[in-house]
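Structure below is input.txt: compact mmCIF, C-alpha atoms.
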```txt
# COMPACT_ATOMS: atom_id res chain seq x y z
CA MET G 1 52.35 214.93 180.62
CA GLY G 2 53.75 211.43 180.61
CA ALA G 3 55.81 212.29 183.70
CA VAL G 4 52.73 212.68 185.85
CA GLY G 5 52.08 209.37 187.54
CA PRO G 6 48.72 207.63 187.47
CA LEU G 7 48.35 207.98 191.26
CA VAL G 8 48.58 211.77 190.99
CA ILE G 9 45.99 211.80 188.23
CA TRP G 10 43.73 209.61 190.27
CA GLY G 11 44.22 211.84 193.32
CA VAL G 12 43.37 214.99 191.36
CA GLY G 13 40.23 213.33 190.02
CA VAL G 14 39.07 212.23 193.45
CA LEU G 15 39.80 215.64 194.97
CA LEU G 16 37.90 217.41 192.21
CA ALA G 17 34.98 215.02 192.55
CA PHE G 18 34.80 215.52 196.29
CA GLY G 19 35.22 219.24 195.91
CA VAL G 20 32.25 219.36 193.59
CA LEU G 21 30.18 217.14 195.88
CA VAL G 22 30.93 218.97 199.12
CA SER G 23 30.72 222.54 197.91
CA TYR G 24 27.81 222.09 195.55
CA ALA G 25 25.62 219.15 196.56
CA GLY G 26 25.59 219.41 200.31
CA GLY G 27 25.09 223.14 200.81
CA PRO G 28 21.83 224.92 201.56
CA MET G 29 19.51 225.75 198.68
CA SER G 30 20.00 229.34 197.64
CA ARG G 31 17.10 231.74 197.20
CA VAL G 32 18.36 232.50 193.69
CA ARG G 33 17.83 228.89 192.57
CA VAL G 34 14.32 228.80 193.99
CA GLU G 35 13.49 232.10 192.29
CA ARG G 36 14.93 230.85 189.00
CA PHE G 37 12.81 227.72 189.24
CA ALA G 38 9.70 229.82 189.99
CA ARG G 39 10.46 232.11 187.04
CA ARG G 40 10.89 229.22 184.61
CA GLN G 41 7.62 227.67 185.75
CA ARG G 42 5.72 230.92 186.28
CA LEU G 43 4.98 229.64 189.76
CA ASP G 44 3.95 231.62 192.81
CA VAL G 45 6.05 230.20 195.62
CA THR G 46 3.91 230.05 198.75
CA VAL G 47 4.23 228.78 202.30
CA GLY G 48 2.41 225.66 201.10
CA ASN G 49 4.70 224.73 198.21
CA GLY G 50 8.02 226.38 199.16
CA ASN G 51 9.48 223.39 200.99
CA GLN G 52 8.29 221.06 198.24
CA ILE G 53 10.25 223.09 195.65
CA ILE G 54 13.35 223.25 197.86
CA ARG G 55 13.20 219.46 198.43
CA TYR G 56 12.96 218.87 194.68
CA LEU G 57 15.86 221.20 193.90
CA ALA G 58 18.00 219.67 196.67
CA THR G 59 17.32 216.10 195.50
CA THR G 60 18.08 216.84 191.86
CA ARG G 61 21.19 218.87 192.71
CA ARG G 62 22.56 216.12 194.97
CA TRP G 63 22.10 213.34 192.40
CA ARG G 64 23.22 215.38 189.41
CA ALA G 65 26.38 216.44 191.25
CA THR G 66 27.03 212.84 192.29
CA GLY G 67 26.60 211.72 188.68
CA PHE G 68 28.87 214.49 187.47
CA ALA G 69 31.57 213.50 189.99
CA ALA G 70 31.24 209.86 188.91
CA GLY G 71 31.59 210.96 185.29
CA LEU G 72 34.71 212.90 186.21
CA LEU G 73 36.25 209.86 187.88
CA VAL G 74 35.38 207.60 184.96
CA SER G 75 36.81 210.18 182.58
CA THR G 76 40.02 210.29 184.62
CA PHE G 77 40.34 206.51 184.79
CA THR G 78 39.70 206.05 181.09
CA ALA G 79 42.13 208.80 180.04
CA PRO G 80 44.70 207.70 177.46
CA ALA G 81 48.05 206.82 179.05
CA ASN G 82 49.80 209.68 177.25
CA ASP G 83 47.19 212.31 178.17
CA SER G 84 46.90 212.54 181.94
CA LEU G 85 44.72 215.70 181.94
CA HIS G 86 42.21 214.21 179.55
CA VAL G 87 38.58 215.15 180.31
CA ASP G 88 35.92 213.56 178.15
CA PHE G 89 32.92 215.88 177.81
CA VAL G 90 30.55 213.07 176.82
CA THR G 91 31.48 210.98 179.87
CA LEU G 92 31.03 213.99 182.17
CA PHE G 93 27.66 214.76 180.63
CA ALA G 94 26.57 211.10 180.69
CA GLY G 95 27.46 210.94 184.41
CA TRP G 96 25.53 214.12 185.13
CA PHE G 97 22.53 212.87 183.19
CA LEU G 98 22.58 209.46 184.86
CA GLY G 99 22.43 211.34 188.18
CA ALA G 100 19.51 213.39 186.81
CA LEU G 101 17.66 210.18 185.88
CA VAL G 102 18.16 208.71 189.35
CA ALA G 103 17.05 211.99 190.93
CA GLU G 104 13.75 211.97 189.03
CA VAL G 105 13.05 208.45 190.27
CA ARG G 106 13.82 209.47 193.84
CA VAL G 107 11.93 212.77 194.01
CA ALA G 108 9.40 212.56 196.83
CA HIS G 109 5.74 212.74 195.82
CA LEU G 110 2.88 214.34 197.72
CA ALA G 111 1.67 212.41 200.75
CA HIS G 112 -1.73 210.72 200.83
CA GLY G 113 -4.26 211.87 203.41
CA ALA G 114 -6.44 209.63 205.60
CA VAL G 115 -9.12 209.72 202.91
CA ARG G 116 -7.50 209.40 199.49
CA VAL G 117 -8.76 211.93 196.96
CA ALA G 118 -7.72 212.10 193.30
CA SER G 119 -8.63 214.12 190.26
CA LEU G 120 -10.29 212.35 187.32
CA GLN G 121 -8.38 214.48 184.83
CA PRO G 122 -5.84 212.41 182.87
CA ARG G 123 -2.29 213.81 183.07
CA ARG G 124 -0.97 214.30 179.55
CA PRO G 125 2.56 215.32 178.47
CA ARG G 126 1.07 218.34 176.65
CA SER G 127 0.10 219.86 180.00
CA TYR G 128 3.75 219.94 181.10
CA LEU G 129 5.89 220.55 178.02
CA GLY G 130 5.57 221.34 174.32
CA ARG G 131 5.02 218.77 171.57
CA PHE G 132 8.50 219.42 170.16
CA SER G 133 10.17 218.74 173.50
CA TRP G 134 8.12 215.59 174.12
CA ALA G 135 9.01 214.23 170.66
CA LEU G 136 12.70 215.08 170.95
CA VAL G 137 13.94 211.84 172.55
CA PRO G 138 12.15 209.44 170.15
CA ALA G 139 13.21 211.67 167.24
CA SER G 140 16.83 211.47 168.43
CA ALA G 141 16.55 207.67 168.73
CA ALA G 142 15.14 207.56 165.19
CA THR G 143 18.15 209.61 164.00
CA ALA G 144 20.50 207.14 165.69
CA THR G 145 18.71 204.26 163.95
CA ALA G 146 18.89 206.04 160.59
CA VAL G 147 22.64 206.63 161.03
CA ALA G 148 23.12 202.95 162.00
CA ALA G 149 21.20 201.87 158.88
CA ALA G 150 23.29 204.23 156.74
CA THR G 151 26.44 202.78 158.31
CA VAL G 152 25.36 199.24 157.37
CA VAL G 153 24.65 200.31 153.79
CA ALA G 154 27.96 202.20 153.55
CA GLU G 155 29.85 199.19 154.88
CA LEU G 156 28.18 196.80 152.45
CA ALA G 157 28.88 199.17 149.56
CA GLY G 158 32.51 199.49 150.63
CA TRP G 159 32.28 203.22 151.31
CA ALA G 160 33.04 202.91 155.01
CA ALA G 161 34.85 200.68 157.45
CA PRO G 162 33.02 201.34 160.73
CA ALA G 163 34.75 200.65 164.02
CA VAL G 164 33.05 198.64 166.75
CA THR G 165 32.44 201.90 168.64
CA ALA G 166 29.87 202.83 165.98
CA TRP G 167 27.66 199.93 167.09
CA LEU G 168 28.47 200.51 170.75
CA SER G 169 27.39 204.16 170.42
CA PHE G 170 24.20 203.07 168.68
CA ALA G 171 23.42 200.61 171.48
CA VAL G 172 24.06 203.29 174.12
CA ALA G 173 21.86 205.76 172.21
CA LEU G 174 18.94 203.31 172.09
CA ALA G 175 19.38 202.26 175.72
CA ALA G 176 19.49 205.91 176.80
CA ALA G 177 16.36 206.75 174.79
CA VAL G 178 14.43 203.82 176.27
CA ALA G 179 15.56 204.69 179.81
CA VAL G 180 14.65 208.37 179.40
CA ARG G 181 11.22 207.55 178.00
CA ALA G 182 10.55 205.13 180.86
CA VAL G 183 11.51 207.76 183.45
CA GLN G 184 9.42 210.40 181.64
CA HIS G 185 6.37 208.13 181.92
CA ALA G 186 7.22 207.46 185.56
CA VAL G 187 7.30 211.24 186.16
CA LEU G 188 3.86 211.60 184.58
CA ARG G 189 2.54 208.79 186.78
CA ARG G 190 4.12 210.16 189.95
CA PRO G 191 1.29 210.17 192.55
CA GLN G 192 -0.64 213.41 192.86
CA PRO G 193 -3.35 213.11 195.50
CA LEU G 194 -5.70 216.08 195.52
CA THR G 195 -4.67 218.75 197.99
CA ALA G 196 -4.41 222.55 198.29
CA PRO G 197 -4.25 224.37 194.90
CA ASP G 198 -0.85 225.98 195.58
CA VAL G 199 0.65 222.62 196.55
CA LEU G 200 -0.76 221.06 193.38
CA ALA G 201 0.62 223.95 191.33
CA GLY G 202 4.04 223.31 192.91
CA ASP G 203 3.76 219.62 192.10
CA ASP G 204 2.82 220.39 188.50
CA ALA G 205 5.79 222.77 188.24
CA VAL G 206 8.16 220.08 189.55
CA ARG G 207 6.72 217.56 187.10
CA SER G 208 7.06 219.99 184.20
CA ARG G 209 10.67 220.88 185.04
CA SER G 210 11.55 217.18 185.40
CA LEU G 211 10.10 216.44 181.95
CA HIS G 212 11.95 219.40 180.41
CA VAL G 213 15.31 218.32 181.87
CA LEU G 214 14.75 214.72 180.79
CA ALA G 215 13.75 215.80 177.28
CA GLY G 216 16.65 218.22 176.81
CA GLY G 217 19.31 216.12 178.54
CA GLY G 218 18.08 212.83 177.07
CA ALA G 219 17.99 214.15 173.53
CA ALA G 220 21.45 215.70 173.95
CA LEU G 221 22.90 212.41 175.21
CA VAL G 222 21.34 210.40 172.37
CA LEU G 223 22.50 212.94 169.77
CA LEU G 224 26.04 212.94 171.20
CA CYS G 225 25.99 209.17 170.66
CA VAL G 226 24.84 209.82 167.08
CA LEU G 227 27.88 212.09 166.59
CA ALA G 228 30.08 209.33 167.99
CA GLN G 229 28.44 206.91 165.54
CA LEU G 230 29.30 209.25 162.69
CA GLY G 231 32.87 209.60 163.93
CA SER G 232 33.30 205.83 163.98
CA MET G 233 32.00 205.27 160.47
CA HIS G 234 35.44 205.86 158.92
CA LEU G 235 34.23 206.90 155.50
CA ALA G 236 36.52 206.17 152.60
CA GLY G 237 38.28 209.16 151.09
CA ARG G 238 39.63 212.36 152.62
CA HIS G 239 36.51 214.41 151.85
CA GLY G 240 34.25 211.99 153.72
CA GLU G 241 36.35 212.10 156.86
CA SER G 242 36.74 215.89 156.84
CA THR G 243 32.96 216.29 156.36
CA ILE G 244 32.29 214.01 159.32
CA HIS G 245 34.78 215.96 161.46
CA GLY G 246 33.06 219.20 160.48
CA ILE G 247 29.64 217.82 161.40
CA GLN G 248 31.00 216.58 164.72
CA SER G 249 32.66 219.88 165.59
CA ILE G 250 29.56 221.95 164.89
CA GLY G 251 27.20 219.24 166.10
CA VAL G 252 28.58 219.17 169.64
CA PHE G 253 27.74 222.87 170.09
CA LEU G 254 24.34 222.56 168.43
CA VAL G 255 23.41 219.54 170.54
CA ALA G 256 24.55 221.26 173.72
CA ALA G 257 22.57 224.39 172.80
CA LEU G 258 19.47 222.36 171.96
CA GLY G 259 19.62 220.38 175.21
CA TRP G 260 20.20 223.48 177.32
CA ASN G 261 17.45 225.41 175.57
CA VAL G 262 14.84 222.67 176.07
CA ALA G 263 15.86 221.89 179.66
CA THR G 264 15.71 225.51 180.77
CA SER G 265 12.79 226.74 178.66
CA VAL G 266 9.98 228.58 180.38
CA TRP G 267 6.72 226.68 180.81
CA PRO G 268 3.94 227.47 180.23
CA PRO G 269 5.01 229.74 177.35
CA HIS G 270 3.67 233.25 176.91
CA GLY G 271 0.04 233.30 175.88
CA ARG G 272 -0.89 230.12 177.72
CA GLY G 273 -1.44 231.89 181.01
CA SER G 274 0.04 230.80 184.29
CA ALA G 275 0.84 227.22 185.17
CA ARG G 276 -2.24 225.08 185.52
CA THR G 277 -3.26 224.80 189.10
CA GLY G 278 -4.91 222.13 191.09
CA ALA G 279 -7.96 224.34 191.39
CA SER G 280 -8.79 223.65 187.77
CA ARG G 281 -9.11 219.98 188.57
CA GLN G 282 -11.38 220.25 191.57
CA MET Z 283 -14.18 216.07 189.18
CA ILE Z 284 -12.73 213.94 191.89
CA VAL Z 285 -12.94 210.45 193.27
CA GLN Z 286 -12.19 209.55 196.85
CA VAL Z 287 -11.46 206.35 198.71
CA ASP Z 288 -11.73 205.81 202.44
CA PRO Z 289 -9.41 202.95 203.42
CA ALA Z 290 -11.28 202.60 206.73
CA SER Z 291 -14.63 202.02 205.02
CA PRO Z 292 -16.06 198.46 205.03
CA THR Z 293 -16.80 198.92 201.31
CA PRO Z 294 -13.87 197.61 199.24
CA PRO Z 295 -11.85 200.37 197.51
CA TYR Z 296 -12.68 199.07 194.01
CA GLU Z 297 -16.39 199.27 194.84
CA GLN Z 298 -16.01 202.81 196.19
CA ILE Z 299 -14.39 203.87 192.91
CA ARG Z 300 -16.89 201.98 190.77
CA GLY Z 301 -19.84 203.43 192.67
CA GLN Z 302 -18.66 207.04 192.41
CA LEU Z 303 -17.80 206.77 188.72
CA ALA Z 304 -21.11 205.03 187.96
CA THR Z 305 -22.98 207.81 189.78
CA MET Z 306 -21.13 210.52 187.83
CA ILE Z 307 -21.75 208.76 184.53
CA GLU Z 308 -25.44 208.14 185.27
CA ALA Z 309 -25.86 211.75 186.38
CA GLY Z 310 -24.18 213.02 183.23
CA THR Z 311 -21.43 214.75 185.21
CA LEU Z 312 -19.02 212.57 183.22
CA PRO Z 313 -20.35 212.92 179.66
CA ALA Z 314 -20.10 210.31 176.93
CA GLY Z 315 -16.63 210.29 175.39
CA ALA Z 316 -14.94 211.75 178.48
CA HIS Z 317 -11.54 210.19 179.15
CA LEU Z 318 -10.97 208.56 182.52
CA PRO Z 319 -7.43 208.73 183.90
CA PRO Z 320 -5.17 205.76 183.07
CA ILE Z 321 -5.39 202.93 185.59
CA ARG Z 322 -1.84 203.42 186.85
CA GLN Z 323 -2.30 207.18 187.28
CA LEU Z 324 -5.49 206.85 189.32
CA ALA Z 325 -4.01 203.97 191.34
CA ALA Z 326 -0.89 206.03 192.14
CA ASP Z 327 -2.91 209.12 193.05
CA LEU Z 328 -5.15 207.11 195.38
CA GLY Z 329 -2.27 205.06 196.80
CA LEU Z 330 -3.88 201.80 195.65
CA ALA Z 331 -2.70 198.79 193.67
CA ALA Z 332 -3.28 199.07 189.93
CA ASN Z 333 -5.38 195.88 190.08
CA THR Z 334 -7.88 197.61 192.37
CA VAL Z 335 -8.56 200.41 189.89
CA ALA Z 336 -8.45 197.93 187.00
CA ARG Z 337 -11.22 195.92 188.66
CA ALA Z 338 -13.37 199.02 189.11
CA TYR Z 339 -12.91 199.91 185.43
CA ARG Z 340 -13.63 196.29 184.41
CA GLU Z 341 -16.90 196.27 186.35
CA LEU Z 342 -17.91 199.58 184.78
CA GLU Z 343 -17.15 198.12 181.38
CA LEU Z 344 -19.30 195.06 182.13
CA GLU Z 345 -22.13 197.42 183.05
CA GLY Z 346 -21.67 199.14 179.70
CA LEU Z 347 -20.78 202.47 181.32
CA VAL Z 348 -17.25 202.77 179.92
CA VAL Z 349 -15.31 201.50 176.93
CA SER Z 350 -11.65 200.49 177.14
CA ARG Z 351 -9.50 200.38 174.03
CA VAL Z 352 -5.82 199.68 173.69
CA ARG Z 353 -3.82 202.93 173.26
CA HIS Z 354 -7.01 205.01 173.61
CA GLY Z 355 -7.56 204.39 177.29
CA THR Z 356 -10.92 204.27 178.99
CA THR Z 357 -13.74 206.57 177.93
CA VAL Z 358 -17.33 206.99 179.05
CA ALA Z 359 -19.58 204.97 176.76
CA PRO Z 360 -22.29 206.68 174.73
CA ARG Z 361 -25.63 206.09 176.39
CA ALA Z 362 -29.06 205.78 174.92
CA ALA Z 363 -31.70 207.91 176.63
CA LEU Z 364 -33.75 205.85 179.10
CA ASP Z 365 -37.54 205.97 178.93
CA ARG Z 366 -39.41 207.39 181.94
CA ALA Z 367 -40.50 203.98 183.19
CA GLU Z 368 -36.94 202.70 183.28
CA VAL Z 369 -35.73 205.87 185.02
CA ARG Z 370 -38.47 205.47 187.65
CA ARG Z 371 -37.64 201.80 188.13
CA ARG Z 372 -33.94 202.51 188.72
CA ILE Z 373 -34.67 205.36 191.11
CA ASP Z 374 -37.07 203.15 193.08
CA VAL Z 375 -34.48 200.37 193.36
CA ALA Z 376 -31.83 202.82 194.61
CA ALA Z 377 -34.30 204.52 196.99
CA GLN Z 378 -35.40 201.22 198.49
CA ALA Z 379 -31.80 200.15 199.00
CA TYR Z 380 -31.05 203.47 200.69
CA ALA Z 381 -34.18 203.27 202.86
CA ALA Z 382 -33.21 199.77 203.95
CA LEU Z 383 -29.73 200.97 204.91
CA VAL Z 384 -31.17 203.93 206.83
CA ARG Z 385 -33.45 201.60 208.84
CA GLN Z 386 -30.65 199.15 209.44
CA LEU Z 387 -28.38 201.89 210.81
CA GLY Z 388 -31.19 203.54 212.78
CA VAL Z 389 -30.67 206.94 211.15
CA PRO Z 390 -33.59 209.40 211.72
CA ASP Z 391 -35.72 210.17 208.63
CA ASP Z 392 -34.85 213.89 208.74
CA GLU Z 393 -31.14 213.21 208.63
CA ALA Z 394 -31.55 210.60 205.89
CA GLU Z 395 -33.51 213.05 203.73
CA SER Z 396 -31.02 215.83 204.37
CA ARG Z 397 -28.17 213.52 203.31
CA VAL Z 398 -29.95 212.77 200.04
CA ARG Z 399 -30.46 216.50 199.38
CA GLY Z 400 -26.78 217.12 200.12
CA ALA Z 401 -25.72 214.34 197.75
CA LEU Z 402 -27.99 215.73 195.04
CA ARG Z 403 -26.51 219.19 195.51
CA SER Z 404 -22.94 217.88 195.32
CA THR Z 405 -23.55 216.05 192.02
CA ARG Z 406 -25.52 218.87 190.37
CA ASP Z 407 -24.06 220.00 187.06
CA PRO Z 408 -22.83 223.60 187.56
CA SER Z 409 -23.64 224.45 183.92
CA ALA Z 410 -27.30 223.69 184.62
CA GLY Z 411 -27.38 226.69 186.97
```

Please lay out the structure from this file as C-alpha cells.
Amino acid sequence: MGAVGPLVIWGVGVLLAFGVLVSYAGGPMSRVRVERFARRQRLDVTVGNGNQIIRYLATTRRWRATGFAAGLLVSTFTAPANDSLHVDFVTLFAGWFLGALVAEVRVAHLAHGAVRVASLQPRRPRSYLGRFSWALVPASAATATAVAAATVVAELAGWAAPAVTAWLSFAVALAAAVAVRAVQHAVLRRPQPLTAPDVLAGDDAVRSRSLHVLAGGGAALVLLCVLAQLGSMHLAGRHGESTIHGIQSIGVFLVAALGWNVATSVWPPHGRGSARTGASRQ
Amino acid sequence: MIVQVDPASPTPPYEQIRGQLATMIEAGTLPAGAHLPPIRQLAADLGLAANTVARAYRELELEGLVVSRVRHGTTVAPRAALDRAEVRRRIDVAAQAYAALVRQLGVPDDEAESRVRGALRSTRDPSAG
C-alpha cells in the first residue's frame, strides 16, 4: 500500500466523488423513488403534489450526495500515511448527514398567494413522527453527556487515561445534536400557506420525512460520537479495553440499524389512518 | 379555522389578524383554552414578519382575549358570560361602526345587509347545526 503515491490516492478519491455526484445527484428522479416516498408516507401522489415531491427528493438527493462526496474526499485526505485505501465510515456518514441538514434548510416551501391564508392549527412534532423518534436526538445527546461525565470520574479515579479525542467527540456530539434540533424546529416552522388539500398533504409528507431523516440520521451521528468517546477512554486493564472494543463493534451495527429504521419508517403507522390532510385544517 | 391577510388592504396586517381572531373568540368559534399557533409559525405561513403577528397577539392579550405563557404558547382566555345588556351594547357599537362605514363607502342597504348575513353564516359554529 505504501507504494501508492498520495497523488494517485487523491485522484481516486476525486474520481469516485465525481462519479457519485454525476451518476446519482444529477440524474432524473426515478418513478421508483417517488413511489417509495409515497408508500412510506401513505400519500396519494396527485397532479397537484407530484412536482412538489419530485422537487423535494431531487433537492435532498443532490445535497446528500454532495455531502457524501465531501465525506469521501475528507476521508481520503485524512487517511493514515501507511493505509492509502482507508475509508472512514463515520466521516462518510457525517458528510452525508451534513448534506442532509443543508438540504432540509434549502427545501422550497409552498408559495404564498395574493391573499395570504393560514391555518390556526399549531404544528406539533407528534403530527409528523412518533414520540420515540422525536426524543431520540436529545436522548442521544444525554447519553454523550453521561459518557463524558463517566470519563471524568474514571480519569479522576485513575481507572482511565482518556485521549483528547474523547472530548473532541463529545463536543462534536453536542454540536451535532444542537444543529439537528435547530433544523428540526426550522422544518416544523417551514411556511405552509393554506392551499389545495392534496398539496397540503404533500407538504405534510415532506415535512414528516424530513423530520424522520433528521431524527434517525442525527441520533446515529451523535451515537457514533458516543462510541468514539468510549473508544478514547482508554480504560485501565485488558478487560476494560476488550469490553469497550466489543461495545464499539456491536454498537456500530446497532446504531446504523436504529438510524436506518427511524429514517425510513412508515408514517403515519398502521391504525392512525392516512396522512393528515390539509382538509382537516380548513 | 383559518386566518387570512390581504397585503393590499389599507388595514395593517396585524389589525387584520387581531380582528379575525377577536371575532372568532367572541363568537366562540375559538373556545377557551384553544391553542393558537406559535407566532413564528403563523408569521411564516402568512409570509409576515414575526413582529407583526406578535403585535396582534399582544393586543389580544391586552384585551383579555388570550393568555400567553412561556413554554405553553398562546391560548384563548377563559371568558365570563356577558349579561344581556352588555351583549346588546357591544352589538350596537359594532353595528353603528359598520353602518357608518357603509354610508361612507356609499354601499346600498341591501348589499350591506346581505354582507352581514354572509359574515354571520361563515362564522356559524357547524356543531350548532

For CA of Phe253 in chain G and CA of Ala154 in chain G, the interatomic separation in Å (one decimal): 26.5 Å

Considering all atoms listed in the file, return as a PDB file with C-alpha atoms, in the coordinates of the input whatever protein or nucleic-acid residues lie within 12 Å of range 373-376 of chain Z, sequence-local ones (same chain, fewer than 6 positions apart) excluded.
```
ATOM      1  CA  THR Z 305     -22.980 207.810 189.780  1.00  0.00           C
ATOM      2  CA  GLU Z 308     -25.440 208.140 185.270  1.00  0.00           C
ATOM      3  CA  ALA Z 309     -25.860 211.750 186.380  1.00  0.00           C
ATOM      4  CA  ARG Z 366     -39.410 207.390 181.940  1.00  0.00           C
ATOM      5  CA  ALA Z 367     -40.500 203.980 183.190  1.00  0.00           C
ATOM      6  CA  ALA Z 382     -33.210 199.770 203.950  1.00  0.00           C
ATOM      7  CA  LEU Z 383     -29.730 200.970 204.910  1.00  0.00           C
ATOM      8  CA  VAL Z 398     -29.950 212.770 200.040  1.00  0.00           C
TER       9      VAL Z 398
END
```

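Across the structure, CA of Ala314 in chain Z and CA of Gly130 in chain G are spaced 28.1 Å apart.
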
Would you write out, as CSV, a table of all residues in chain Z that have an atom no more than 6 Å from an atom of chain G, listing for each the closest atom pair and the distance in Å to one decimal, considering only C-alpha atoms and ordering rows by chain and rising residue number?
```
residue,atom,partner,partner_atom,distance
Z:Met283,CA,G:Gln282,CA,5.6
Z:Ile284,CA,G:Ser119,CA,4.4
Z:Val285,CA,G:Ala118,CA,5.5
Z:Gln286,CA,G:Val117,CA,4.2
Z:Val287,CA,G:Arg116,CA,5.1
Z:Asp288,CA,G:Val115,CA,4.7
Z:Pro319,CA,G:Pro122,CA,4.1
Z:Gln323,CA,G:Arg189,CA,5.1
Z:Ala326,CA,G:Pro191,CA,4.7
Z:Asp327,CA,G:Pro191,CA,4.4
Z:Leu328,CA,G:Arg116,CA,5.3
```

Long-range neighbours of Ala144 in chain G as a VMD selection string, 8 Å cut-off, all atoms listed in the file, 6 positions minimum in chain: chain G and resid 170 173 to 174 222 to 223 225 to 226 229

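The two atoms in question, CA of His317 in chain Z and CA of Val358 in chain Z, are spaced 6.6 Å apart.
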
Close residues, Leu72 in chain G itself excluded, 8 Å, only C-alpha atoms, min 2 positions apart in chain, as an NGL selection string: :G and (13 or 17 or 68-70 or 74-76 or 87 or 91-92 or 95)
